[in-house]
Amino acid sequence: MKGLIIYKGKYGATRQYALWLGSMLGWPVIPAGSETAQQLADADCIILGSSIYIGKLQLRKWLEQHGDAIISKRLFLFLVSGTPSSDKGKLEGYLAANISESLRSRCVPFFLPGKLEFNKLSWIDKLLLTMAPNWPAIKRMTSPWKIIMMLKKSIWKPFLMLSGSRVRWLRDEVHHFGCAAGGPRH
Ligand SMILES: Cc1cc2nc3c(=O)[nH]c(=O)nc-3n(C[C@H](O)[C@H](O)[C@H](O)COP(=O)(O)O)c2cc1C
């Protein structure tokens, strides 16, 4: 069986998980948009990886464009986010809001904890990250000083939760579905 890993992220967390999986399974790892139509057509099994920003999957557009080409394949999808994996309702809500029902029902989903290093974010992402959760409160405040103090308090603490062992579960599922025949095991 031929396998392929396609991913899209922004600051390296999704890419790191994709690379770990690639080396565990011996499959090619390709950033979304760099694959060829032939690579997609040849794959029997595809692992899709995406991070999420303000509720939107990085891979959303790619899935809309390539859904028809991949829907008949064995599909796994890992979502990298800041939401704890215990919050299943929220995580599944992200998938429901971003992926068509027909494609979603074909994907085995996995939720992986992400990484956030505030200093490395673009200024727009810093702004989004601090403003978005506080927007209702900001709208009620009249003093700019109060707004600054509130944003200062709410700046996200950096979190670094990546670990290769987290993707072993996904690798085992891929083996379980018989998709990794021929790929090296680690
Ligand atoms: C501007 C911004 C918005 C984010 N929005 C969400 C979100 O809506 N839900 C969530 O669970 N995590 C959110 N995150 C956390 C990211 O999904 C997490 O940092 C992830 O590891 C990013 O992976 P990447 O580096 O592969 O893009 C957000 C992070 C940033 C910087």
# chains A, B, ... in the order shown; residues from 1 in each chain; ligands from 1
call {"tool": "select_by_dssp", "arguments": {"residues": "stretch 1-182 of chain A", "states": "alpha helix (DSSP H)", "output": "ChimeraX atom specification"}}
result
/A:13-25,37-42,60-70,88-98,101-104,123-131,135-140,144-154,168-176
call {"tool": "closest_atom_pairs", "arguments": {"of": "stretch 69-122 of chain A", "to": "stretch 27-49 of chain A", "cutoff": "9 Å", "atoms": "only C-alpha atoms", "output": "JSON lines"}}
result
{"residue": "A:Ala69", "atom": "CA", "partner": "A:Ala41", "partner_atom": "CA", "distance": 7.2}
{"residue": "A:Ile70", "atom": "CA", "partner": "A:Leu40", "partner_atom": "CA", "distance": 7.3}
{"residue": "A:Ser72", "atom": "CA", "partner": "A:Asp44", "partner_atom": "CA", "distance": 8.7}
{"residue": "A:Lys73", "atom": "CA", "partner": "A:Asp44", "partner_atom": "CA", "distance": 5.5}
{"residue": "A:Arg74", "atom": "CA", "partner": "A:Cys45", "partner_atom": "CA", "distance": 4.6}
{"residue": "A:Leu75", "atom": "CA", "partner": "A:Ile46", "partner_atom": "CA", "distance": 5.1}
{"residue": "A:Phe76", "atom": "CA", "partner": "A:Ile47", "partner_atom": "CA", "distance": 4.7}
{"residue": "A:Leu77", "atom": "CA", "partner": "A:Leu48", "partner_atom": "CA", "distance": 4.6}
{"residue": "A:Phe78", "atom": "CA", "partner": "A:Gly49", "partner_atom": "CA", "distance": 4.8}
{"residue": "A:Leu79", "atom": "CA", "partner": "A:Gly49", "partner_atom": "CA", "distance": 6.0}
{"residue": "A:Val80", "atom": "CA", "partner": "A:Gly49", "partner_atom": "CA", "distance": 7.5}
{"residue": "A:Cys107", "atom": "CA", "partner": "A:Leu48", "partner_atom": "CA", "distance": 8.9}
call {"tool": "residues_near_ligand", "arguments": {"ligand": "ligand 1", "cutoff": "9 Å", "atoms": "only C-alpha atoms and all ligand atoms", "output": "ChimeraX atom specification"}}
result
/A:7-17,49-58,79-84,90-91,94,112-118,121-122,124-130,132,158-162
call {"tool": "write_last_selection", "arguments": {"atoms": "C-alpha atoms", "output": "PDB file, in the first residue's frame"}}
result
ATOM      1  CA  TYR A   7       0.248  18.807   6.071  1.00  0.00           C
ATOM      2  CA  LYS A   8      -0.292  22.516   6.534  1.00  0.00           C
ATOM      3  CA  GLY A   9       0.753  24.580   9.545  1.00  0.00           C
ATOM      4  CA  LYS A  10       2.320  27.934  10.242  1.00  0.00           C
ATOM      5  CA  TYR A  11       5.012  27.850  12.938  1.00  0.00           C
ATOM      6  CA  GLY A  12       6.339  24.298  12.689  1.00  0.00           C
ATOM      7  CA  ALA A  13       4.258  22.183  15.098  1.00  0.00           C
ATOM      8  CA  THR A  14       2.215  20.398  12.414  1.00  0.00           C
ATOM      9  CA  ARG A  15       5.311  19.971  10.260  1.00  0.00           C
ATOM     10  CA  GLN A  16       7.179  18.389  13.177  1.00  0.00           C
ATOM     11  CA  TYR A  17       4.407  15.831  13.796  1.00  0.00           C
ATOM     12  CA  GLY A  49      -2.255  17.157   9.181  1.00  0.00           C
ATOM     13  CA  SER A  50      -3.447  20.657   9.995  1.00  0.00           C
ATOM     14  CA  SER A  51      -3.235  23.262  12.717  1.00  0.00           C
ATOM     15  CA  ILE A  52      -6.028  25.648  13.591  1.00  0.00           C
ATOM     16  CA  TYR A  53      -6.173  29.446  13.856  1.00  0.00           C
ATOM     17  CA  ILE A  54      -9.217  31.240  15.254  1.00  0.00           C
ATOM     18  CA  GLY A  55     -11.344  28.220  14.549  1.00  0.00           C
ATOM     19  CA  LYS A  56     -10.145  27.767  10.982  1.00  0.00           C
ATOM     20  CA  LEU A  57      -8.184  24.754   9.774  1.00  0.00           C
ATOM     21  CA  GLN A  58      -5.047  25.629   7.853  1.00  0.00           C
ATOM     22  CA  LEU A  79      -5.407  18.274  14.134  1.00  0.00           C
ATOM     23  CA  VAL A  80      -2.781  20.298  16.021  1.00  0.00           C
ATOM     24  CA  SER A  81      -4.180  22.950  18.338  1.00  0.00           C
ATOM     25  CA  GLY A  82      -4.034  24.741  21.669  1.00  0.00           C
ATOM     26  CA  THR A  83      -7.266  23.062  22.824  1.00  0.00           C
ATOM     27  CA  PRO A  84      -6.677  20.263  25.339  1.00  0.00           C
ATOM     28  CA  LYS A  90     -14.666  21.641  20.901  1.00  0.00           C
ATOM     29  CA  LEU A  91     -12.138  19.692  18.821  1.00  0.00           C
ATOM     30  CA  TYR A  94     -13.580  22.405  14.651  1.00  0.00           C
ATOM     31  CA  LEU A 112      -2.523  16.484  19.041  1.00  0.00           C
ATOM     32  CA  PRO A 113      -1.391  19.236  21.406  1.00  0.00           C
ATOM     33  CA  GLY A 114       0.318  22.150  19.706  1.00  0.00           C
ATOM     34  CA  LYS A 115       3.077  24.573  20.459  1.00  0.00           C
ATOM     35  CA  LEU A 116       2.943  28.300  20.966  1.00  0.00           C
ATOM     36  CA  GLU A 117       5.938  30.608  21.292  1.00  0.00           C
ATOM     37  CA  PHE A 118       4.461  34.054  21.600  1.00  0.00           C
ATOM     38  CA  LEU A 121       4.406  34.991  16.172  1.00  0.00           C
ATOM     39  CA  SER A 122       3.803  37.617  13.497  1.00  0.00           C
ATOM     40  CA  ILE A 124      -0.989  40.090  13.411  1.00  0.00           C
ATOM     41  CA  ASP A 125      -1.124  36.681  15.104  1.00  0.00           C
ATOM     42  CA  LYS A 126      -0.050  38.273  18.403  1.00  0.00           C
ATOM     43  CA  LEU A 127      -2.874  40.730  18.026  1.00  0.00           C
ATOM     44  CA  LEU A 128      -5.428  38.087  17.058  1.00  0.00           C
ATOM     45  CA  LEU A 129      -4.423  35.846  19.906  1.00  0.00           C
ATOM     46  CA  THR A 130      -4.795  38.544  22.524  1.00  0.00           C
ATOM     47  CA  ALA A 132     -10.072  37.561  19.966  1.00  0.00           C
ATOM     48  CA  PRO A 158       4.032  29.832  25.747  1.00  0.00           C
ATOM     49  CA  PHE A 159       3.242  26.153  25.598  1.00  0.00           C
ATOM     50  CA  LEU A 160       5.486  23.489  24.167  1.00  0.00           C
ATOM     51  CA  MET A 161       3.880  20.099  24.179  1.00  0.00           C
ATOM     52  CA  LEU A 162       5.252  18.332  21.139  1.00  0.00           C
TER      53      LEU A 162
END
call {"tool": "atom_distance", "arguments": {"atom1": "atom CA of A:Leu4", "atom2": "atom CA of A:Gly93"}}
result
25.9 Å
call {"tool": "closest_residue", "arguments": {"among": "A:Val174, A:Pro109, A:Val167, A:Ile5", "to": "A:Gly22", "atoms": "only C-alpha atoms"}}
result
A:Ile5
